[in-house]
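File shown here: entry-v1.cif, holding mmCIF, C-alpha atoms.
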data_input
loop_
_atom_site.group_PDB
_atom_site.id
_atom_site.type_symbol
_atom_site.label_atom_id
_atom_site.label_comp_id
_atom_site.auth_asym_id
_atom_site.auth_seq_id
_atom_site.Cartn_x
_atom_site.Cartn_y
_atom_site.Cartn_z
ATOM 1 C CA MET K 124 -24.866 -55.839 14.038
ATOM 2 C CA THR K 125 -28.330 -54.621 13.124
ATOM 3 C CA ALA K 126 -29.038 -52.496 10.110
ATOM 4 C CA GLY K 127 -29.923 -49.555 12.309
ATOM 5 C CA SER K 128 -26.642 -49.663 14.212
ATOM 6 C CA ALA K 129 -24.698 -50.319 11.032
ATOM 7 C CA TYR K 130 -25.771 -47.137 9.339
ATOM 8 C CA SER K 131 -25.993 -44.985 12.433
ATOM 9 C CA ALA K 132 -22.204 -44.535 12.444
ATOM 10 C CA ALA K 133 -20.870 -41.565 10.545
ATOM 11 C CA GLY K 134 -18.631 -41.882 7.531
ATOM 12 C CA VAL K 135 -20.120 -44.997 5.931
ATOM 13 C CA LEU K 136 -19.455 -43.655 2.441
ATOM 14 C CA PRO K 137 -15.724 -43.298 1.606
ATOM 15 C CA LEU K 138 -16.122 -39.680 0.491
ATOM 16 C CA ARG K 139 -12.703 -38.624 1.738
ATOM 17 C CA ARG K 140 -11.052 -40.673 -1.007
ATOM 18 C CA ASP K 141 -12.896 -38.735 -3.703
ATOM 19 C CA ALA K 142 -11.219 -36.109 -5.866
ATOM 20 C CA GLY K 143 -13.389 -33.474 -4.189
ATOM 21 C CA SER K 144 -11.628 -34.151 -0.886
ATOM 22 C CA ARG K 145 -8.271 -33.372 -2.477
ATOM 23 C CA TYR K 146 -9.218 -30.284 -4.458
ATOM 24 C CA GLY K 147 -12.281 -28.983 -2.610
ATOM 25 C CA PRO K 148 -10.419 -27.433 0.342
ATOM 26 C CA TRP K 149 -8.015 -25.601 -1.980
ATOM 27 C CA ILE K 150 -10.851 -24.224 -4.095
ATOM 28 C CA VAL K 151 -12.648 -23.033 -0.967
ATOM 29 C CA ALA K 152 -9.405 -21.579 0.405
ATOM 30 C CA ALA K 153 -8.784 -19.620 -2.794
ATOM 31 C CA ALA K 154 -12.381 -18.389 -2.873
ATOM 32 C CA LEU K 155 -12.381 -17.336 0.800
ATOM 33 C CA PHE K 156 -9.010 -15.649 0.325
ATOM 34 C CA VAL K 157 -10.474 -13.412 -2.362
ATOM 35 C CA VAL K 158 -13.750 -12.901 -0.471
ATOM 36 C CA THR K 159 -11.878 -11.822 2.661
ATOM 37 C CA LEU K 160 -9.663 -9.392 0.771
ATOM 38 C CA ALA K 161 -12.600 -7.967 -1.168
ATOM 39 C CA LEU K 162 -14.711 -7.425 1.948
ATOM 40 C CA ALA K 163 -11.750 -6.022 3.876
ATOM 41 C CA ALA K 164 -11.049 -3.549 1.081
ATOM 42 C CA THR K 165 -14.726 -2.585 0.966
ATOM 43 C CA MET K 166 -14.855 -1.952 4.715
ATOM 44 C CA ALA K 167 -11.534 -0.068 4.688
ATOM 45 C CA ILE K 168 -12.749 2.189 1.894
ATOM 46 C CA ARG K 169 -15.947 2.768 3.850
ATOM 47 C CA ASN K 170 -13.890 3.797 6.874
ATOM 48 C CA ALA K 171 -11.729 6.079 4.756
ATOM 49 C CA GLU K 172 -14.861 7.609 3.258
ATOM 50 C CA GLN K 173 -15.940 8.687 6.722
ATOM 51 C CA GLY K 174 -12.504 10.217 7.214
ATOM 52 C CA TRP K 175 -12.769 12.083 3.924
ATOM 53 C CA ARG K 176 -16.168 13.441 4.898
ATOM 54 C CA THR K 177 -14.832 14.632 8.235
ATOM 55 C CA ALA K 178 -11.672 16.128 6.759
ATOM 56 C CA LEU K 179 -13.141 17.835 3.700
ATOM 57 C CA ALA K 180 -16.851 18.414 4.203
ATOM 58 C CA GLY K 181 -17.726 22.044 4.884
ATOM 59 C CA LYS K 182 -14.166 23.238 4.264
ATOM 60 C CA ILE K 183 -12.265 25.132 1.602
ATOM 61 C CA SER K 184 -8.622 26.134 1.250
ATOM 62 C CA VAL K 185 -7.360 29.523 0.166
ATOM 63 C CA GLN K 186 -3.975 29.869 -1.518
ATOM 64 C CA VAL K 187 -2.259 33.224 -1.213
ATOM 65 C CA PRO K 188 0.631 33.786 -3.666
ATOM 66 C CA ALA K 189 4.151 33.169 -2.380
ATOM 67 C CA PRO K 190 4.757 35.963 0.108
ATOM 68 C CA SER K 191 7.439 38.508 -0.661
ATOM 69 C CA GLY K 192 8.322 41.391 1.560
ATOM 70 C CA THR K 193 4.730 42.082 2.581
ATOM 71 C CA GLY K 194 3.596 38.463 2.451
ATOM 72 C CA GLY K 195 2.574 38.404 6.085
ATOM 73 C CA GLU K 196 0.388 41.469 5.617
ATOM 74 C CA ALA K 197 -1.257 39.933 2.533
ATOM 75 C CA VAL K 198 -2.129 36.764 4.428
ATOM 76 C CA ALA K 199 -3.457 38.783 7.351
ATOM 77 C CA GLU K 200 -5.623 40.836 4.978
ATOM 78 C CA ILE K 201 -7.084 37.707 3.363
ATOM 79 C CA VAL K 202 -7.755 36.140 6.759
ATOM 80 C CA ALA K 203 -9.558 39.296 7.872
ATOM 81 C CA LEU K 204 -11.723 39.303 4.731
ATOM 82 C CA LEU K 205 -12.568 35.645 5.209
ATOM 83 C CA ARG K 206 -13.510 36.038 8.856
ATOM 84 C CA ALA K 207 -15.728 39.003 7.927
ATOM 85 C CA THR K 208 -17.692 36.839 5.479
ATOM 86 C CA PRO K 209 -21.002 35.750 7.107
ATOM 87 C CA ALA K 210 -20.932 32.244 5.586
ATOM 88 C CA ILE K 211 -17.480 31.492 7.051
ATOM 89 C CA ALA K 212 -17.201 30.170 10.584
ATOM 90 C CA ASP K 213 -13.436 30.404 10.908
ATOM 91 C CA ALA K 214 -10.223 30.921 8.910
ATOM 92 C CA GLU K 215 -6.767 29.950 10.119
ATOM 93 C CA PRO K 216 -3.417 30.207 8.299
ATOM 94 C CA VAL K 217 -1.587 26.905 7.923
ATOM 95 C CA ASP K 218 1.863 26.778 9.498
ATOM 96 C CA PRO K 219 4.502 26.813 6.708
ATOM 97 C CA VAL K 220 6.235 23.909 8.470
ATOM 98 C CA VAL K 221 3.093 21.817 7.961
ATOM 99 C CA VAL K 222 2.959 22.772 4.284
ATOM 100 C CA ARG K 223 6.565 21.685 3.786
ATOM 101 C CA SER K 224 5.932 18.421 5.649
ATOM 102 C CA LEU K 225 3.104 17.608 3.224
ATOM 103 C CA LEU K 226 5.486 18.037 0.297
ATOM 104 C CA GLU K 227 8.333 15.987 1.752
ATOM 105 C CA PRO K 228 6.961 12.598 0.565
ATOM 106 C CA TRP K 229 6.944 13.949 -2.990
ATOM 107 C CA LEU K 230 10.115 16.070 -3.046
ATOM 108 C CA GLY K 231 12.208 14.171 -0.519
ATOM 109 C CA ALA K 232 13.279 15.031 3.003
ATOM 110 C CA GLY K 233 16.511 16.606 1.780
ATOM 111 C CA ALA K 234 14.884 19.017 -0.669
ATOM 112 C CA GLU K 235 15.610 22.691 -0.058
ATOM 113 C CA MET K 236 11.987 23.790 0.158
ATOM 114 C CA GLU K 237 12.898 27.061 1.795
ATOM 115 C CA ALA K 238 13.841 28.345 -1.663
ATOM 116 C CA LEU K 239 10.588 27.185 -3.288
ATOM 117 C CA PRO K 240 7.903 29.850 -3.904
ATOM 118 C CA LEU K 241 5.276 28.023 -1.867
ATOM 119 C CA PRO K 242 1.939 29.806 -1.479
ATOM 120 C CA ALA K 243 0.535 30.513 1.952
ATOM 121 C CA LEU K 244 -2.433 28.284 2.786
ATOM 122 C CA ILE K 245 -5.475 29.202 4.817
ATOM 123 C CA ASP K 246 -7.911 26.601 6.129
ATOM 124 C CA VAL K 247 -11.487 27.864 5.996
ATOM 125 C CA ARG K 248 -14.430 26.267 7.782
ATOM 126 C CA LEU K 249 -17.869 27.103 6.399
ATOM 127 C CA ARG K 250 -21.044 27.485 8.381
ATOM 128 C CA PRO K 251 -23.535 24.657 7.804
ATOM 129 C CA ASP K 252 -26.126 25.451 5.116
ATOM 130 C CA ALA K 253 -24.710 28.957 4.680
ATOM 131 C CA GLY K 254 -25.003 29.005 0.876
ATOM 132 C CA MET K 255 -21.499 30.209 0.095
ATOM 133 C CA ASP K 256 -20.910 31.739 -3.364
ATOM 134 C CA ILE K 257 -17.385 30.433 -3.998
ATOM 135 C CA VAL K 258 -16.947 32.317 -7.287
ATOM 136 C CA ALA K 259 -17.911 35.688 -5.809
ATOM 137 C CA LEU K 260 -15.650 35.098 -2.813
ATOM 138 C CA GLU K 261 -12.700 34.228 -5.043
ATOM 139 C CA VAL K 262 -13.242 37.418 -7.076
ATOM 140 C CA ALA K 263 -13.266 39.489 -3.889
ATOM 141 C CA LEU K 264 -10.108 37.823 -2.561
ATOM 142 C CA ASP K 265 -8.308 38.221 -5.884
ATOM 143 C CA ALA K 266 -9.179 41.902 -5.885
ATOM 144 C CA ALA K 267 -7.646 42.281 -2.429
ATOM 145 C CA VAL K 268 -4.505 40.205 -3.129
ATOM 146 C CA PRO K 269 -4.016 39.385 -6.829
ATOM 147 C CA GLY K 270 -3.434 35.713 -7.496
ATOM 148 C CA THR K 271 -5.380 34.428 -4.497
ATOM 149 C CA ARG K 272 -7.220 31.241 -5.361
ATOM 150 C CA ILE K 273 -9.794 28.988 -3.652
ATOM 151 C CA ASP K 274 -9.652 25.194 -3.566
ATOM 152 C CA ASP K 275 -13.223 23.973 -3.079
ATOM 153 C CA HIS K 276 -12.999 20.646 -1.246
ATOM 154 C CA GLY K 277 -16.699 20.017 -1.786
ATOM 155 C CA ILE K 278 -16.199 19.431 -5.512
ATOM 156 C CA ARG K 279 -13.245 17.171 -4.891
ATOM 157 C CA LEU K 280 -15.138 15.337 -2.140
ATOM 158 C CA ALA K 281 -18.048 14.596 -4.482
ATOM 159 C CA TYR K 282 -15.720 12.944 -7.010
ATOM 160 C CA VAL K 283 -13.904 11.008 -4.294
ATOM 161 C CA LEU K 284 -17.138 9.745 -2.742
ATOM 162 C CA ARG K 285 -18.487 8.597 -6.111
ATOM 163 C CA PHE K 286 -15.273 6.725 -6.787
ATOM 164 C CA ALA K 287 -15.325 5.235 -3.279
ATOM 165 C CA LEU K 288 -18.898 4.041 -3.807
ATOM 166 C CA ALA K 289 -17.918 2.411 -7.110
ATOM 167 C CA LEU K 290 -15.034 0.619 -5.375
ATOM 168 C CA GLN K 291 -17.335 -0.607 -2.605
ATOM 169 C CA VAL K 292 -19.860 -1.956 -5.099
ATOM 170 C CA PHE K 293 -17.047 -3.650 -7.012
ATOM 171 C CA GLY K 294 -15.735 -5.229 -3.803
ATOM 172 C CA VAL K 295 -19.165 -6.584 -2.866
ATOM 173 C CA VAL K 296 -19.673 -7.993 -6.374
ATOM 174 C CA VAL K 297 -16.275 -9.713 -6.311
ATOM 175 C CA ALA K 298 -17.004 -11.153 -2.861
ATOM 176 C CA ALA K 299 -20.404 -12.400 -4.056
ATOM 177 C CA ILE K 300 -18.903 -14.059 -7.152
ATOM 178 C CA PHE K 301 -16.225 -15.919 -5.226
ATOM 179 C CA GLY K 302 -18.711 -16.781 -2.498
ATOM 180 C CA LEU K 303 -20.813 -18.364 -5.220
ATOM 181 C CA ILE K 304 -17.750 -20.295 -6.373
ATOM 182 C CA ALA K 305 -17.321 -21.697 -2.860
ATOM 183 C CA THR K 306 -20.999 -22.658 -2.809
ATOM 184 C CA MET K 307 -20.777 -24.306 -6.225
ATOM 185 C CA THR K 308 -17.825 -26.344 -4.955
ATOM 186 C CA ALA K 309 -20.103 -27.952 -2.366
ATOM 187 C CA ILE K 310 -22.698 -28.672 -5.066
ATOM 188 C CA PHE K 311 -20.208 -30.273 -7.452
ATOM 189 C CA ALA K 312 -18.556 -32.295 -4.668
ATOM 190 C CA THR K 313 -21.946 -33.619 -3.556
ATOM 191 C CA ARG K 314 -23.060 -34.498 -7.070
ATOM 192 C CA ALA K 315 -19.737 -36.162 -7.820
ATOM 193 C CA GLY K 316 -20.011 -38.197 -4.619
ATOM 194 C CA LEU K 317 -23.556 -39.250 -5.423
ATOM 195 C CA SER K 318 -22.473 -40.391 -8.862
ATOM 196 C CA SER K 319 -19.292 -42.209 -7.855
ATOM 197 C CA HIS K 320 -20.914 -43.972 -4.888
ATOM 198 C CA ARG K 321 -24.124 -44.960 -6.625
ATOM 199 C CA GLU K 322 -23.756 -48.629 -5.695
ATOM 200 C CA GLU K 323 -22.954 -48.009 -2.012
ATOM 201 C CA ILE K 324 -25.929 -45.656 -1.743
ATOM 202 C CA GLY K 325 -28.157 -48.279 -3.341
ATOM 203 C CA ILE K 326 -27.026 -50.847 -0.763
ATOM 204 C CA LEU K 327 -27.694 -48.430 2.101
ATOM 205 C CA GLN K 328 -31.174 -47.754 0.764
ATOM 206 C CA ALA K 329 -31.778 -51.474 0.374
ATOM 207 C CA ILE K 330 -30.997 -52.146 4.047
ATOM 208 C CA GLY K 331 -33.253 -49.333 5.169
ATOM 209 C CA ALA K 332 -31.088 -46.211 5.331
ATOM 210 C CA GLY K 333 -33.188 -43.112 4.844
ATOM 211 C CA ASP K 334 -32.416 -40.214 2.547
ATOM 212 C CA GLY K 335 -31.726 -38.000 5.545
ATOM 213 C CA TYR K 336 -29.006 -40.306 6.846
ATOM 214 C CA ILE K 337 -27.316 -40.558 3.442
ATOM 215 C CA ALA K 338 -27.530 -36.807 2.970
ATOM 216 C CA ARG K 339 -25.808 -36.324 6.333
ATOM 217 C CA GLN K 340 -22.759 -38.136 4.940
ATOM 218 C CA PHE K 341 -22.414 -35.444 2.278
ATOM 219 C CA VAL K 342 -23.194 -32.663 4.733
ATOM 220 C CA ALA K 343 -20.363 -33.820 7.007
ATOM 221 C CA HIS K 344 -18.060 -34.155 4.004
ATOM 222 C CA SER K 345 -18.818 -30.612 2.833
ATOM 223 C CA ALA K 346 -18.372 -29.265 6.359
ATOM 224 C CA ASN K 347 -14.986 -30.951 6.595
ATOM 225 C CA PHE K 348 -13.403 -29.477 3.481
ATOM 226 C CA SER K 349 -15.201 -26.117 3.804
ATOM 227 C CA ILE K 350 -13.971 -25.362 7.315
ATOM 228 C CA LYS K 351 -10.436 -26.425 6.418
ATOM 229 C CA GLY K 352 -10.363 -24.374 3.236
ATOM 230 C CA GLY K 353 -12.106 -21.427 4.880
ATOM 231 C CA ILE K 354 -9.617 -21.229 7.745
ATOM 232 C CA VAL K 355 -6.633 -21.472 5.396
ATOM 233 C CA GLY K 356 -8.037 -18.872 2.990
ATOM 234 C CA CYS K 357 -8.951 -16.376 5.708
ATOM 235 C CA ALA K 358 -5.644 -16.881 7.507
ATOM 236 C CA LEU K 359 -3.708 -16.160 4.319
ATOM 237 C CA ALA K 360 -5.866 -13.095 3.653
ATOM 238 C CA ALA K 361 -5.338 -11.847 7.230
ATOM 239 C CA GLY K 362 -1.585 -12.247 6.784
ATOM 240 C CA ALA K 363 -1.712 -10.327 3.517
ATOM 241 C CA LEU K 364 -3.741 -7.534 5.142
ATOM 242 C CA ILE K 365 -1.324 -7.270 8.065
ATOM 243 C CA LEU K 366 1.648 -7.045 5.692
ATOM 244 C CA LEU K 367 -0.095 -4.426 3.587
ATOM 245 C CA GLY K 368 -0.923 -2.423 6.682
ATOM 246 C CA ARG K 369 2.665 -2.629 7.906
ATOM 247 C CA TYR K 370 4.382 -1.587 4.694
ATOM 248 C CA ALA K 371 1.784 0.736 3.217
ATOM 249 C CA PRO K 372 2.626 4.437 3.504
ATOM 250 C CA GLY K 373 0.743 6.445 6.103
ATOM 251 C CA GLY K 374 -2.213 8.622 5.227
ATOM 252 C CA ASN K 375 -0.164 11.817 5.403
ATOM 253 C CA ALA K 376 2.042 10.604 2.568
ATOM 254 C CA PHE K 377 -0.841 10.873 0.159
ATOM 255 C CA MET K 378 -2.835 13.481 2.077
ATOM 256 C CA VAL K 379 -5.765 11.073 2.581
ATOM 257 C CA PRO K 380 -6.925 9.197 5.693
ATOM 258 C CA GLU K 381 -5.419 5.772 6.307
ATOM 259 C CA MET K 382 -7.641 2.852 5.346
ATOM 260 C CA THR K 383 -7.769 0.588 8.396
ATOM 261 C CA LEU K 384 -10.169 -1.928 9.929
ATOM 262 C CA SER K 385 -11.820 -1.684 13.325
ATOM 263 C CA PRO K 386 -11.758 -4.621 15.792
ATOM 264 C CA ILE K 387 -15.408 -5.354 15.024
ATOM 265 C CA GLN K 388 -14.624 -5.552 11.315
ATOM 266 C CA TRP K 389 -11.794 -7.990 12.007
ATOM 267 C CA ILE K 390 -14.272 -10.112 13.964
ATOM 268 C CA VAL K 391 -16.658 -10.021 10.993
ATOM 269 C CA LEU K 392 -13.891 -11.292 8.715
ATOM 270 C CA ALA K 393 -13.024 -14.022 11.239
ATOM 271 C CA CYS K 394 -16.628 -15.231 11.035
ATOM 272 C CA LEU K 395 -16.340 -15.961 7.301
ATOM 273 C CA PRO K 396 -15.069 -19.587 7.654
ATOM 274 C CA PRO K 397 -17.953 -20.761 9.887
ATOM 275 C CA VAL K 398 -20.466 -18.880 7.747
ATOM 276 C CA ALA K 399 -19.047 -20.477 4.594
ATOM 277 C CA THR K 400 -19.188 -23.869 6.298
ATOM 278 C CA VAL K 401 -22.844 -23.466 7.259
ATOM 279 C CA ILE K 402 -23.709 -22.436 3.690
ATOM 280 C CA ALA K 403 -21.784 -25.412 2.276
ATOM 281 C CA MET K 404 -23.555 -27.795 4.646
ATOM 282 C CA ALA K 405 -26.978 -26.448 3.733
ATOM 283 C CA THR K 406 -26.105 -26.582 0.039
ATOM 284 C CA ALA K 407 -24.867 -30.167 0.290
ATOM 285 C CA ARG K 408 -27.997 -31.253 2.126
ATOM 286 C CA VAL K 409 -30.372 -29.657 -0.381
ATOM 287 C CA THR K 410 -28.395 -31.077 -3.323
ATOM 288 C CA ALA K 411 -28.244 -34.574 -1.838
ATOM 289 C CA MET K 412 -31.920 -34.680 -0.793
ATOM 290 C CA ARG K 413 -33.063 -33.557 -4.226
ATOM 291 C CA ALA K 414 -30.923 -36.184 -5.934
ATOM 292 C CA LEU K 415 -31.942 -38.961 -3.538
ATOM 293 C CA SER K 416 -35.595 -38.191 -4.076
ATOM 294 C CA ARG K 417 -35.074 -39.353 -7.648
ATOM 295 C CA VAL K 418 -33.698 -42.611 -8.927
ATOM 296 C CA ILE K 419 -29.933 -42.657 -8.538
#

Kindly present the structure from the file in structure tokens form.
Amino acid sequence: MTAGSAYSAAGVLPLRRDAGSRYGPWIVAAALFVVTLALAATMAIRNAEQGWRTALAGKISVQVPAPSGTGGEAVAEIVALLRATPAIADAEPVDPVVVRSLLEPWLGAGAEMEALPLPALIDVRLRPDAGMDIVALEVALDAAVPGTRIDDHGIRLAYVLRFALALQVFGVVVAAIFGLIATMTAIFATRAGLSSHREEIGILQAIGAGDGYIARQFVAHSANFSIKGGIVGCALAAGALILLGRYAPGGNAFMVPEMTLSPIQWIVLACLPPVATVIAMATARVTAMRALSRVI
């Protein structure tokens, strides 16, 4: 067998017997598990943020004190005042059944909410860029029906969006850190292989094997444990996400939109193993070529 045919076959170096072959896939699996969960949480929060904007932007709620004998007239009077306000596009009373259904997750389905002094709620939709003076409106409503209060969703939305942005940044940072861990695994595995197989590499170089051929041994090795670990890690993360989605309470239980993933986002998460494998292969090649360019 000629030298060329001898070192043209893949797997000349026994890299699969190295410690990196035993522990590398598990490290990559753990890293990709965390990366998948972090990115999924980031995308879900982003989706929920759009729901919050849709549900709360440009809206306020008006609470009319618990109606007594003339409660219906008080609500009708407040609705009339709201609809007469130029900056308000529409005002609709909320069905008391809906109000009670929102409280059921907190008080229990068997609670006797009929006896509770629940205020009447009115959903108000503002006109875009109308410049509503919330304080002046609340004073006018309180003068008409004492105790009437306004819940400005815009203030609450601003806090929620800031918190959502912080969570998204945190998720991206966590994903980046554990992605770096997966990349460093390929570097350490390649360096360890270069060190432990110094003599075999020297023999290959002596019979004419080029640096590119030797580097391909480490590239294939990194691809092998990266794709295995990536698939395991992402599969475990997908299972965890499905379980969380199945047992998590619905959005109505906490009066916020449900945080779910779209089909395209699931496809993006499914692409993580091949992307991690390509990065590991490129990292292994660069690491090996740099080391082989020096004296081993």

Enumerate, as a tab-separated table (two decimals) with C-alpha atoms, keeping the file's coordinate frame, the residues matched when the PyMOL selection byres ((chain K and resi 152-158) around 8) is run on the file above.
chain	number	residue	atom	x	y	z
K	148	PRO	CA	-10.42	-27.43	0.34
K	149	TRP	CA	-8.02	-25.60	-1.98
K	150	ILE	CA	-10.85	-24.22	-4.10
K	151	VAL	CA	-12.65	-23.03	-0.97
K	159	THR	CA	-11.88	-11.82	2.66
K	160	LEU	CA	-9.66	-9.39	0.77
K	161	ALA	CA	-12.60	-7.97	-1.17
K	162	LEU	CA	-14.71	-7.42	1.95
K	297	VAL	CA	-16.27	-9.71	-6.31
K	298	ALA	CA	-17.00	-11.15	-2.86
K	299	ALA	CA	-20.40	-12.40	-4.06
K	301	PHE	CA	-16.23	-15.92	-5.23
K	302	GLY	CA	-18.71	-16.78	-2.50
K	304	ILE	CA	-17.75	-20.30	-6.37
K	305	ALA	CA	-17.32	-21.70	-2.86
K	351	LYS	CA	-10.44	-26.42	6.42
K	352	GLY	CA	-10.36	-24.37	3.24
K	353	GLY	CA	-12.11	-21.43	4.88
K	354	ILE	CA	-9.62	-21.23	7.74
K	355	VAL	CA	-6.63	-21.47	5.40
K	356	GLY	CA	-8.04	-18.87	2.99
K	357	CYS	CA	-8.95	-16.38	5.71
K	359	LEU	CA	-3.71	-16.16	4.32
K	360	ALA	CA	-5.87	-13.10	3.65
K	395	LEU	CA	-16.34	-15.96	7.30
K	396	PRO	CA	-15.07	-19.59	7.65

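If you measure from each of K:Gly368, K:Gly316, K:Gly174, K:Gly195 to Leu280 (chain K) using all atoms listed in the file, the closest one turns out to be K:Gly174.
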
## Note on the structure
Shortest contact to Ser349 (chain K), candidates K:Ala315, K:Ile183, K:Leu225, K:Met307, atoms counted all atoms listed in the file, goes to K:Met307

### Message
Starting from the PyMOL selection byres ((chain K and resi 338) around 8), expand the selection into actual residues of this file and give them as a ChimeraX atom specification.
### Response
/K:334-337,339-342,407-408,411-412

### Query
If you measure from CA of Val217 (chain K) to CA of Leu244 (chain K), what distance in Å do you get, rounded to one decimal?
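Computed distance, CA of Val217 (chain K) to CA of Leu244 (chain K), equals 5.4 Å.
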
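Omitting Val247 (chain K) and its sequence neighbours fewer than 6 positions away, and counting all atoms listed in the file, the residues within 6 Å are Lys182, Ile183, Ser184, Asp213 and Ala214 of chain K.
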
### Atomic distance CA of Leu366 (chain K) - CA of Ala164 (chain K), expressed in Å with one decimal
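Interatomic distance, CA of Leu366 (chain K) to CA of Ala164 (chain K): 14.0 Å.
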
### Nearest to Ala414 (chain K), chosen from K:Asn347, K:Leu205, K:Arg314, K:Thr306, with only C-alpha atoms counted in the distances
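Ranked by minimum distance to Ala414 (chain K), first place goes to K:Arg314.
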
### Task
Using only C-alpha atoms, pick whichever of K:Leu392, K:Ala343, K:Leu317, K:Ala267 has the shortest atom-to-atom distance to Arg417 (chain K).
K:Leu317

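Atom to atom, CA of Val268 (chain K) and CA of Val187 (chain K) stand 7.6 Å apart.
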
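Closest approach to Leu136 (chain K) among K:Ile300, K:Ala399, K:Leu284, K:Leu327 is made by K:Leu327 (distances from all atoms listed in the file).
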
### Query
Residues at most 10 Å from region 258-260 of chain K, counting only C-alpha atoms, excluding those fewer than 5 positions away in the same chain, as JSON, numbers by chain?
{"K": [204, 205, 208, 265, 266, 272, 273]}

### Query
Smallest atom-to-atom distance to Pro251 (chain K): which of K:Ala212, K:Val135, K:Leu415, K:Val398, using only C-alpha atoms?
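Looking at the shortest contact to Pro251 (chain K), the residue is K:Ala212.
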